[in-house]
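Asker: Sharing protein_29.pdb below, PDB, C-alpha atoms and all ligand atoms:
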```
MODEL        1
ATOM      1  CA  MET A 212      96.467 -36.512 114.915  1.00  0.00           C
ATOM      2  CA  THR A 213      96.594 -38.901 111.975  1.00  0.00           C
ATOM      3  CA  ASP A 214      94.828 -36.522 109.570  1.00  0.00           C
ATOM      4  CA  CYS A 215      97.213 -33.606 110.243  1.00  0.00           C
ATOM      5  CA  LEU A 216      99.930 -33.067 107.610  1.00  0.00           C
ATOM      6  CA  PHE A 217     102.527 -31.737 110.050  1.00  0.00           C
ATOM      7  CA  CYS A 218     101.824 -34.439 112.663  1.00  0.00           C
ATOM      8  CA  ARG A 219     102.441 -36.967 109.888  1.00  0.00           C
ATOM      9  CA  MET A 220     105.699 -35.229 108.952  1.00  0.00           C
ATOM     10  CA  VAL A 221     106.787 -35.259 112.623  1.00  0.00           C
ATOM     11  CA  ALA A 222     105.958 -38.982 112.709  1.00  0.00           C
ATOM     12  CA  GLY A 223     108.077 -39.578 109.591  1.00  0.00           C
ATOM     13  CA  GLU A 224     105.090 -40.776 107.541  1.00  0.00           C
ATOM     14  CA  ILE A 225     105.510 -37.951 105.007  1.00  0.00           C
ATOM     15  CA  PRO A 226     109.006 -36.830 103.964  1.00  0.00           C
ATOM     16  CA  ALA A 227     110.367 -33.532 105.255  1.00  0.00           C
ATOM     17  CA  ASP A 228     113.551 -31.645 104.340  1.00  0.00           C
ATOM     18  CA  VAL A 229     114.564 -31.238 107.987  1.00  0.00           C
ATOM     19  CA  VAL A 230     117.040 -28.468 108.848  1.00  0.00           C
ATOM     20  CA  HIS A 231     116.756 -28.382 112.669  1.00  0.00           C
ATOM     21  CA  GLU A 232     115.329 -30.633 115.365  1.00  0.00           C
ATOM     22  CA  THR A 233     115.015 -30.599 119.149  1.00  0.00           C
ATOM     23  CA  ASP A 234     113.188 -32.942 121.506  1.00  0.00           C
ATOM     24  CA  ARG A 235     110.028 -30.800 121.158  1.00  0.00           C
ATOM     25  CA  THR A 236     110.352 -29.044 117.775  1.00  0.00           C
ATOM     26  CA  LEU A 237     110.980 -29.804 114.111  1.00  0.00           C
ATOM     27  CA  ALA A 238     112.006 -27.373 111.340  1.00  0.00           C
ATOM     28  CA  PHE A 239     111.850 -28.212 107.647  1.00  0.00           C
ATOM     29  CA  ARG A 240     111.941 -26.367 104.324  1.00  0.00           C
ATOM     30  CA  ASP A 241     108.634 -25.131 102.927  1.00  0.00           C
ATOM     31  CA  ILE A 242     107.660 -27.061  99.791  1.00  0.00           C
ATOM     32  CA  ASN A 243     106.641 -23.790  98.063  1.00  0.00           C
ATOM     33  CA  PRO A 244     109.326 -21.311  99.167  1.00  0.00           C
ATOM     34  CA  GLN A 245     108.497 -17.598  99.121  1.00  0.00           C
ATOM     35  CA  ALA A 246     112.094 -16.488  99.760  1.00  0.00           C
ATOM     36  CA  PRO A 247     115.589 -18.021  99.392  1.00  0.00           C
ATOM     37  CA  THR A 248     115.189 -19.250 102.981  1.00  0.00           C
ATOM     38  CA  HIS A 249     111.681 -20.414 103.849  1.00  0.00           C
ATOM     39  CA  VAL A 250     111.607 -22.815 106.776  1.00  0.00           C
ATOM     40  CA  LEU A 251     108.618 -23.937 108.842  1.00  0.00           C
ATOM     41  CA  VAL A 252     109.129 -24.522 112.572  1.00  0.00           C
ATOM     42  CA  VAL A 253     106.543 -26.680 114.345  1.00  0.00           C
ATOM     43  CA  PRO A 254     106.009 -28.131 117.801  1.00  0.00           C
ATOM     44  CA  LYS A 255     106.060 -31.936 117.642  1.00  0.00           C
ATOM     45  CA  GLU A 256     102.810 -31.893 119.624  1.00  0.00           C
ATOM     46  CA  HIS A 257      99.646 -30.875 117.807  1.00  0.00           C
ATOM     47  CA  HIS A 258      98.374 -27.368 118.607  1.00  0.00           C
ATOM     48  CA  PRO A 259      96.226 -25.616 115.982  1.00  0.00           C
ATOM     49  CA  THR A 260      97.307 -21.978 116.392  1.00  0.00           C
ATOM     50  CA  VAL A 261      99.814 -19.768 118.163  1.00  0.00           C
ATOM     51  CA  ALA A 262      97.052 -18.552 120.486  1.00  0.00           C
ATOM     52  CA  ALA A 263      96.080 -22.117 121.392  1.00  0.00           C
ATOM     53  CA  LEU A 264      99.701 -23.024 122.124  1.00  0.00           C
ATOM     54  CA  ALA A 265     100.299 -19.840 124.138  1.00  0.00           C
ATOM     55  CA  HIS A 266      97.435 -20.843 126.417  1.00  0.00           C
ATOM     56  CA  ALA A 267      98.135 -24.580 126.526  1.00  0.00           C
ATOM     57  CA  ASP A 268     101.937 -24.598 126.883  1.00  0.00           C
ATOM     58  CA  PRO A 269     103.845 -21.290 126.883  1.00  0.00           C
ATOM     59  CA  ASP A 270     107.141 -23.126 127.501  1.00  0.00           C
ATOM     60  CA  LEU A 271     106.649 -25.054 124.269  1.00  0.00           C
ATOM     61  CA  LEU A 272     105.866 -21.811 122.418  1.00  0.00           C
ATOM     62  CA  GLY A 273     109.162 -20.460 123.754  1.00  0.00           C
ATOM     63  CA  ALA A 274     110.923 -23.569 122.462  1.00  0.00           C
ATOM     64  CA  VAL A 275     109.381 -23.045 119.011  1.00  0.00           C
ATOM     65  CA  VAL A 276     110.534 -19.389 118.934  1.00  0.00           C
ATOM     66  CA  ARG A 277     114.032 -20.397 120.100  1.00  0.00           C
ATOM     67  CA  ALA A 278     114.153 -23.013 117.342  1.00  0.00           C
ATOM     68  CA  ALA A 279     113.153 -20.350 114.790  1.00  0.00           C
ATOM     69  CA  SER A 280     116.003 -18.119 115.955  1.00  0.00           C
ATOM     70  CA  ALA A 281     118.436 -21.038 115.752  1.00  0.00           C
ATOM     71  CA  VAL A 282     117.284 -21.705 112.177  1.00  0.00           C
ATOM     72  CA  ALA A 283     117.848 -18.025 111.306  1.00  0.00           C
ATOM     73  CA  VAL A 284     121.428 -18.202 112.617  1.00  0.00           C
ATOM     74  CA  GLN A 285     122.031 -21.526 110.873  1.00  0.00           C
ATOM     75  CA  GLU A 286     120.745 -20.058 107.578  1.00  0.00           C
ATOM     76  CA  GLY A 287     122.992 -16.972 107.874  1.00  0.00           C
ATOM     77  CA  LEU A 288     120.073 -14.581 108.430  1.00  0.00           C
ATOM     78  CA  ALA A 289     121.339 -13.341 111.812  1.00  0.00           C
ATOM     79  CA  THR A 290     124.232 -13.862 114.176  1.00  0.00           C
ATOM     80  CA  GLU A 291     123.965 -15.228 117.727  1.00  0.00           C
ATOM     81  CA  ASP A 292     124.121 -11.696 119.126  1.00  0.00           C
ATOM     82  CA  GLY A 293     123.040  -9.550 116.161  1.00  0.00           C
ATOM     83  CA  VAL A 294     120.173  -8.960 113.751  1.00  0.00           C
ATOM     84  CA  GLU A 295     121.995  -8.551 110.418  1.00  0.00           C
ATOM     85  CA  PRO A 296     120.994  -9.132 107.668  1.00  0.00           C
ATOM     86  CA  GLY A 297     117.588  -9.911 109.173  1.00  0.00           C
ATOM     87  CA  TYR A 298     114.627 -12.162 108.611  1.00  0.00           C
ATOM     88  CA  ARG A 299     110.881 -12.428 109.240  1.00  0.00           C
ATOM     89  CA  VAL A 300     108.906 -14.826 111.434  1.00  0.00           C
ATOM     90  CA  VAL A 301     105.246 -15.143 110.454  1.00  0.00           C
ATOM     91  CA  THR A 302     102.406 -17.272 111.702  1.00  0.00           C
ATOM     92  CA  ASN A 303      99.057 -17.174 109.939  1.00  0.00           C
ATOM     93  CA  THR A 304      95.907 -17.696 111.992  1.00  0.00           C
ATOM     94  CA  GLY A 305      92.615 -18.548 110.338  1.00  0.00           C
ATOM     95  CA  PRO A 306      91.298 -18.302 106.791  1.00  0.00           C
ATOM     96  CA  ALA A 307      91.562 -14.506 106.375  1.00  0.00           C
ATOM     97  CA  ALA A 308      95.310 -14.772 107.013  1.00  0.00           C
ATOM     98  CA  GLY A 309      95.661 -17.792 104.725  1.00  0.00           C
ATOM     99  CA  GLN A 310      96.316 -20.519 107.305  1.00  0.00           C
ATOM    100  CA  THR A 311      96.061 -23.788 105.373  1.00  0.00           C
ATOM    101  CA  VAL A 312      97.542 -26.226 107.908  1.00  0.00           C
ATOM    102  CA  LEU A 313      95.890 -26.199 111.335  1.00  0.00           C
ATOM    103  CA  HIS A 314      99.056 -27.190 113.211  1.00  0.00           C
ATOM    104  CA  LEU A 315     100.941 -24.152 114.495  1.00  0.00           C
ATOM    105  CA  HIS A 316     103.965 -23.310 112.363  1.00  0.00           C
ATOM    106  CA  LEU A 317     106.301 -20.349 112.297  1.00  0.00           C
ATOM    107  CA  HIS A 318     107.438 -19.353 108.819  1.00  0.00           C
ATOM    108  CA  VAL A 319     111.091 -18.212 108.905  1.00  0.00           C
ATOM    109  CA  LEU A 320     111.681 -16.117 105.777  1.00  0.00           C
ATOM    110  CA  GLY A 321     114.867 -14.425 104.631  1.00  0.00           C
ATOM    111  CA  GLY A 322     117.598 -14.136 102.055  1.00  0.00           C
ATOM    112  CA  ARG A 323     115.965 -11.251 100.192  1.00  0.00           C
ATOM    113  CA  ASP A 324     114.560  -7.817 101.019  1.00  0.00           C
ATOM    114  CA  LEU A 325     111.111  -8.323 102.553  1.00  0.00           C
ATOM    115  CA  ARG A 326     108.525  -5.647 101.877  1.00  0.00           C
ATOM    116  CA  TRP A 327     106.204  -4.154 104.492  1.00  0.00           C
ATOM    117  CA  PRO A 328     103.239  -4.276 104.804  1.00  0.00           C
ATOM    118  CA  PRO A 329     102.893  -7.901 103.680  1.00  0.00           C
ATOM    119  CA  GLY A 330     100.129  -8.732 101.213  1.00  0.00           C
TER
HETATM  120  P1  LIG B   1     100.013 -21.648 106.040  1.00  0.00           P
HETATM  121  O1  LIG B   1      99.382 -21.332 104.705  1.00  0.00           O
HETATM  122  O2  LIG B   1     100.485 -20.455 106.810  1.00  0.00           O
HETATM  123  O3  LIG B   1      99.140 -22.571 106.859  1.00  0.00           O
HETATM  124  O4  LIG B   1     101.354 -22.442 105.696  1.00  0.00           O
HETATM  125  C1  LIG B   1     101.370 -23.773 105.292  1.00  0.00           C
HETATM  126  C2  LIG B   1     102.646 -23.956 104.555  1.00  0.00           C
HETATM  127  O5  LIG B   1     102.907 -25.344 104.434  1.00  0.00           O
HETATM  128  C3  LIG B   1     102.634 -23.399 103.124  1.00  0.00           C
HETATM  129  O6  LIG B   1     103.628 -22.386 102.995  1.00  0.00           O
HETATM  130  C4  LIG B   1     102.914 -24.620 102.245  1.00  0.00           C
HETATM  131  O7  LIG B   1     103.733 -24.333 101.139  1.00  0.00           O
HETATM  132  C5  LIG B   1     103.596 -25.558 103.233  1.00  0.00           C
HETATM  133  N1  LIG B   1     103.510 -26.980 102.915  1.00  0.00           N
HETATM  134  C6  LIG B   1     102.408 -27.670 102.525  1.00  0.00           C
HETATM  135  N2  LIG B   1     102.715 -28.974 102.358  1.00  0.00           N
HETATM  136  C7  LIG B   1     104.049 -29.101 102.658  1.00  0.00           C
HETATM  137  C8  LIG B   1     104.970 -30.194 102.659  1.00  0.00           C
HETATM  138  N3  LIG B   1     104.586 -31.448 102.344  1.00  0.00           N
HETATM  139  N4  LIG B   1     106.255 -29.949 103.007  1.00  0.00           N
HETATM  140  C9  LIG B   1     106.658 -28.703 103.332  1.00  0.00           C
HETATM  141  N5  LIG B   1     105.828 -27.633 103.349  1.00  0.00           N
HETATM  142  C10 LIG B   1     104.547 -27.826 103.014  1.00  0.00           C
HETATM  143 ZN    ZN B   2      99.269 -31.727 113.857  1.00  0.00          ZN
ENDMDL
END
```
As structure tokens, how would this structure be written, given the file I've shared?

Answerer:
Amino acid sequence: MTDCLFCRMVAGEIPADVVHETDRTLAFRDINPQAPTHVLVVPKEHHPTVAALAHADPDLLGAVVRAASAVAVQEGLATEDGVEPGYRVVTNTGPAAGQTVLHLHLHVLGGRDLRWPPG
């Protein structure tokens, strides 16, 4: 989709600070970080929401979640077999949740204490 920001970043038309890549996923630093680590993980294919992707291609959703966990390990937020110190994976859906880019992305947040409930 030529009018989608993240499709354009996947295509290399808009620069991205890439931290992890697989054949089907791309992860790059958020331009407006909300924590010391704030990485966005996207499928290279365009899917608007997590629900849409879960229905269209559950294997790809699994690949996106695996990529998020690899980013967390790479960023020192967890070990391969442990959960310390910990991190948060968030995906906003729709305007009430503040979704601004209609291409599914997992936010991987960590490096500070994260409060609950979120705002
Ligand atoms: P959401 O509001 O959940 O749809 O998340 C969209 C995220 O994309 C926000 O956290 C933005 O800061 C981030 N963002 C917008 N433009 C860029 C960009 N060019 N590079 C990296 N992150 C971006
Ligand atoms: Zn897209």

Asker: List all protein, DNA and RNA residues that have at least one atom no more than 6 Å from any atom of ligand LIG 1 (chain B), counting only C-alpha atoms and all ligand atoms, and write them as a PyMOL selection string.

Answerer: chain A and resi 227+240-243+303+309-312

Asker: For ligand ZN 2 (chain B), collect every residue having any atom at a distance of at most 9 Å from a ligand atom (counting only C-alpha atoms and all ligand atoms); output as a ChimeraX atom specification.

Answerer: /A:212-221,253-259,312-315

Asker: Output the residue selection produced by the PyMOL selection byres (((chain A and resi 283-291) around 9) and not hetatm) on the file above, formatted as a PyMOL selection string.

Answerer: chain A and resi 230-231+248+278-282+292-298+319-322

Asker: How many Å separate CA of Asp324 in chain A from CA of Val276 in chain A?

Answerer: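 Pair CA of Asp324 in chain A / CA of Val276 in chain A returns 21.7 Å.
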
Asker: Enter the distance from CA of Pro244 in chain A to CA of His316 in chain A, in Å, rounded to one decimal.

Answerer: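 Interatomic distance here is 14.4 Å.
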
Asker: What is the CA of Ile225 in chain A-CA of Arg323 in chain A distance in Å, reported with one decimal?

Answerer: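 That distance, rounded to one decimal, is 29.1 Å.
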
Asker: Hey, which of A:Pro306, A:Val261, A:Val301, A:Ala222 ends up closest to Pro329 in chain A? Count only C-alpha atoms.

Answerer: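 Smallest distance to Pro329 in chain A is found for A:Val301.
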
Asker: Which residue is closest to Val250 in chain A? Choose from A:Arg277, A:His318, A:Arg235, A:Arg326 and count all atoms listed in the file.

Answerer: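 Nearest to Val250 in chain A: A:His318.
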
Asker: With only C-alpha atoms as the counted atoms, please give the residues lying no more than 6 Å from Leu317 in chain A, apart from itself and same-chain residues fewer than 3 positions off, as a list in words.

Answerer: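 Near Leu317 in chain A, the qualifying residues are Leu251, Val252, Val301 and Thr302 of chain A.
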
Asker: Using only C-alpha atoms, find the one residue out of A:Ala262, A:Ala246, A:Val275, A:Ala267 that sits nearest to Thr233 in chain A.

Answerer: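 Answer, going by the shortest atom-to-atom distance: A:Val275.
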
Asker: Range 264-273 of chain A, all listed atoms, 8 Å padding on each side: what axis-aligned box centre and edge lengths in Å to one decimal come out, as JSON?

Answerer:
```
{"center_x": 103.3, "center_y": -22.4, "center_z": 124.8, "size_x": 27.7, "size_y": 21.2, "size_z": 21.4}
```

Asker: Pop range 280-296 of chain A out of the structure in the block and write all heavy atoms as a compact mmCIF listing (two decimals), in the first residue's frame.

Answerer:
```txt
# COMPACT_ATOMS: atom_id res chain seq x y z
N SER A 280 9.68 -10.93 20.78
CA SER A 280 10.42 -11.56 21.88
C SER A 280 11.91 -11.55 21.59
O SER A 280 12.73 -11.37 22.50
CB SER A 280 9.90 -12.97 22.17
OG SER A 280 10.25 -13.85 21.14
N ALA A 281 12.29 -11.70 20.34
CA ALA A 281 13.72 -11.63 19.98
C ALA A 281 14.26 -10.22 20.22
O ALA A 281 15.39 -10.05 20.70
CB ALA A 281 13.92 -12.03 18.52
N VAL A 282 13.46 -9.21 19.91
CA VAL A 282 13.86 -7.82 20.17
C VAL A 282 14.06 -7.61 21.67
O VAL A 282 15.04 -7.00 22.11
CB VAL A 282 12.81 -6.83 19.62
CG1 VAL A 282 13.03 -5.42 20.15
CG2 VAL A 282 12.83 -6.83 18.09
N ALA A 283 13.14 -8.13 22.48
CA ALA A 283 13.24 -7.97 23.94
C ALA A 283 14.55 -8.58 24.46
O ALA A 283 15.23 -7.98 25.29
CB ALA A 283 12.04 -8.61 24.62
N VAL A 284 14.91 -9.75 23.96
CA VAL A 284 16.17 -10.39 24.38
C VAL A 284 17.35 -9.55 23.91
O VAL A 284 18.28 -9.26 24.67
CB VAL A 284 16.24 -11.83 23.83
CG1 VAL A 284 17.63 -12.42 24.05
CG2 VAL A 284 15.17 -12.71 24.47
N GLN A 285 17.30 -9.13 22.67
CA GLN A 285 18.38 -8.32 22.08
C GLN A 285 18.58 -7.02 22.85
O GLN A 285 19.70 -6.54 23.00
CB GLN A 285 17.97 -8.03 20.63
CG GLN A 285 19.03 -7.47 19.73
CD GLN A 285 18.48 -7.37 18.31
OE1 GLN A 285 18.18 -8.37 17.66
NE2 GLN A 285 18.31 -6.16 17.82
N GLU A 286 17.48 -6.45 23.36
CA GLU A 286 17.54 -5.16 24.07
C GLU A 286 17.83 -5.34 25.57
O GLU A 286 17.81 -4.36 26.32
CB GLU A 286 16.22 -4.41 23.89
CG GLU A 286 15.96 -3.98 22.46
CD GLU A 286 16.80 -2.76 22.04
OE1 GLU A 286 16.87 -1.81 22.81
OE2 GLU A 286 17.39 -2.80 20.95
N GLY A 287 18.03 -6.60 26.01
CA GLY A 287 18.34 -6.85 27.42
C GLY A 287 17.14 -6.77 28.34
O GLY A 287 17.29 -6.59 29.55
N LEU A 288 15.94 -6.94 27.79
CA LEU A 288 14.71 -6.83 28.59
C LEU A 288 14.25 -8.19 29.10
O LEU A 288 13.34 -8.26 29.93
CB LEU A 288 13.60 -6.20 27.75
CG LEU A 288 13.93 -4.83 27.14
CD1 LEU A 288 12.78 -4.34 26.27
CD2 LEU A 288 14.24 -3.82 28.23
N ALA A 289 14.84 -9.26 28.59
CA ALA A 289 14.51 -10.62 29.02
C ALA A 289 15.64 -11.52 28.52
O ALA A 289 16.41 -11.13 27.64
CB ALA A 289 13.17 -11.07 28.43
N THR A 290 15.71 -12.70 29.12
CA THR A 290 16.67 -13.69 28.62
C THR A 290 15.91 -14.69 27.77
O THR A 290 14.67 -14.71 27.76
CB THR A 290 17.37 -14.39 29.79
OG1 THR A 290 16.37 -14.92 30.67
CG2 THR A 290 18.26 -13.42 30.56
N GLU A 291 16.65 -15.55 27.07
CA GLU A 291 16.01 -16.56 26.20
C GLU A 291 15.00 -17.40 26.98
O GLU A 291 13.95 -17.75 26.47
CB GLU A 291 17.08 -17.49 25.61
CG GLU A 291 18.07 -16.82 24.69
CD GLU A 291 17.54 -16.61 23.28
OE1 GLU A 291 16.38 -17.00 23.01
OE2 GLU A 291 18.29 -16.05 22.46
N ASP A 292 15.33 -17.70 28.24
CA ASP A 292 14.49 -18.62 29.01
C ASP A 292 13.95 -17.96 30.30
O ASP A 292 13.52 -18.65 31.21
CB ASP A 292 15.27 -19.89 29.35
CG ASP A 292 16.60 -19.58 30.02
OD1 ASP A 292 16.90 -18.38 30.19
OD2 ASP A 292 17.32 -20.52 30.38
N GLY A 293 13.98 -16.63 30.37
CA GLY A 293 13.51 -15.97 31.58
C GLY A 293 12.77 -14.67 31.25
O GLY A 293 12.73 -14.24 30.10
N VAL A 294 12.19 -14.06 32.28
CA VAL A 294 11.36 -12.88 32.06
C VAL A 294 11.91 -11.63 32.73
O VAL A 294 11.22 -10.59 32.75
CB VAL A 294 9.91 -13.13 32.55
CG1 VAL A 294 9.27 -14.26 31.77
CG2 VAL A 294 9.87 -13.41 34.04
N GLU A 295 13.12 -11.70 33.29
CA GLU A 295 13.70 -10.56 33.98
C GLU A 295 14.51 -9.71 33.01
O GLU A 295 15.22 -10.29 32.17
CB GLU A 295 14.59 -11.04 35.13
CG GLU A 295 13.91 -11.98 36.11
CD GLU A 295 12.93 -11.28 37.04
OE1 GLU A 295 13.06 -10.05 37.21
OE2 GLU A 295 12.05 -11.96 37.56
N PRO A 296 14.52 -8.39 33.12
CA PRO A 296 13.73 -7.57 34.03
C PRO A 296 12.27 -7.42 33.59
O PRO A 296 11.43 -7.04 34.41
CB PRO A 296 14.46 -6.23 33.99
CG PRO A 296 15.07 -6.17 32.63
CD PRO A 296 15.46 -7.58 32.31
```
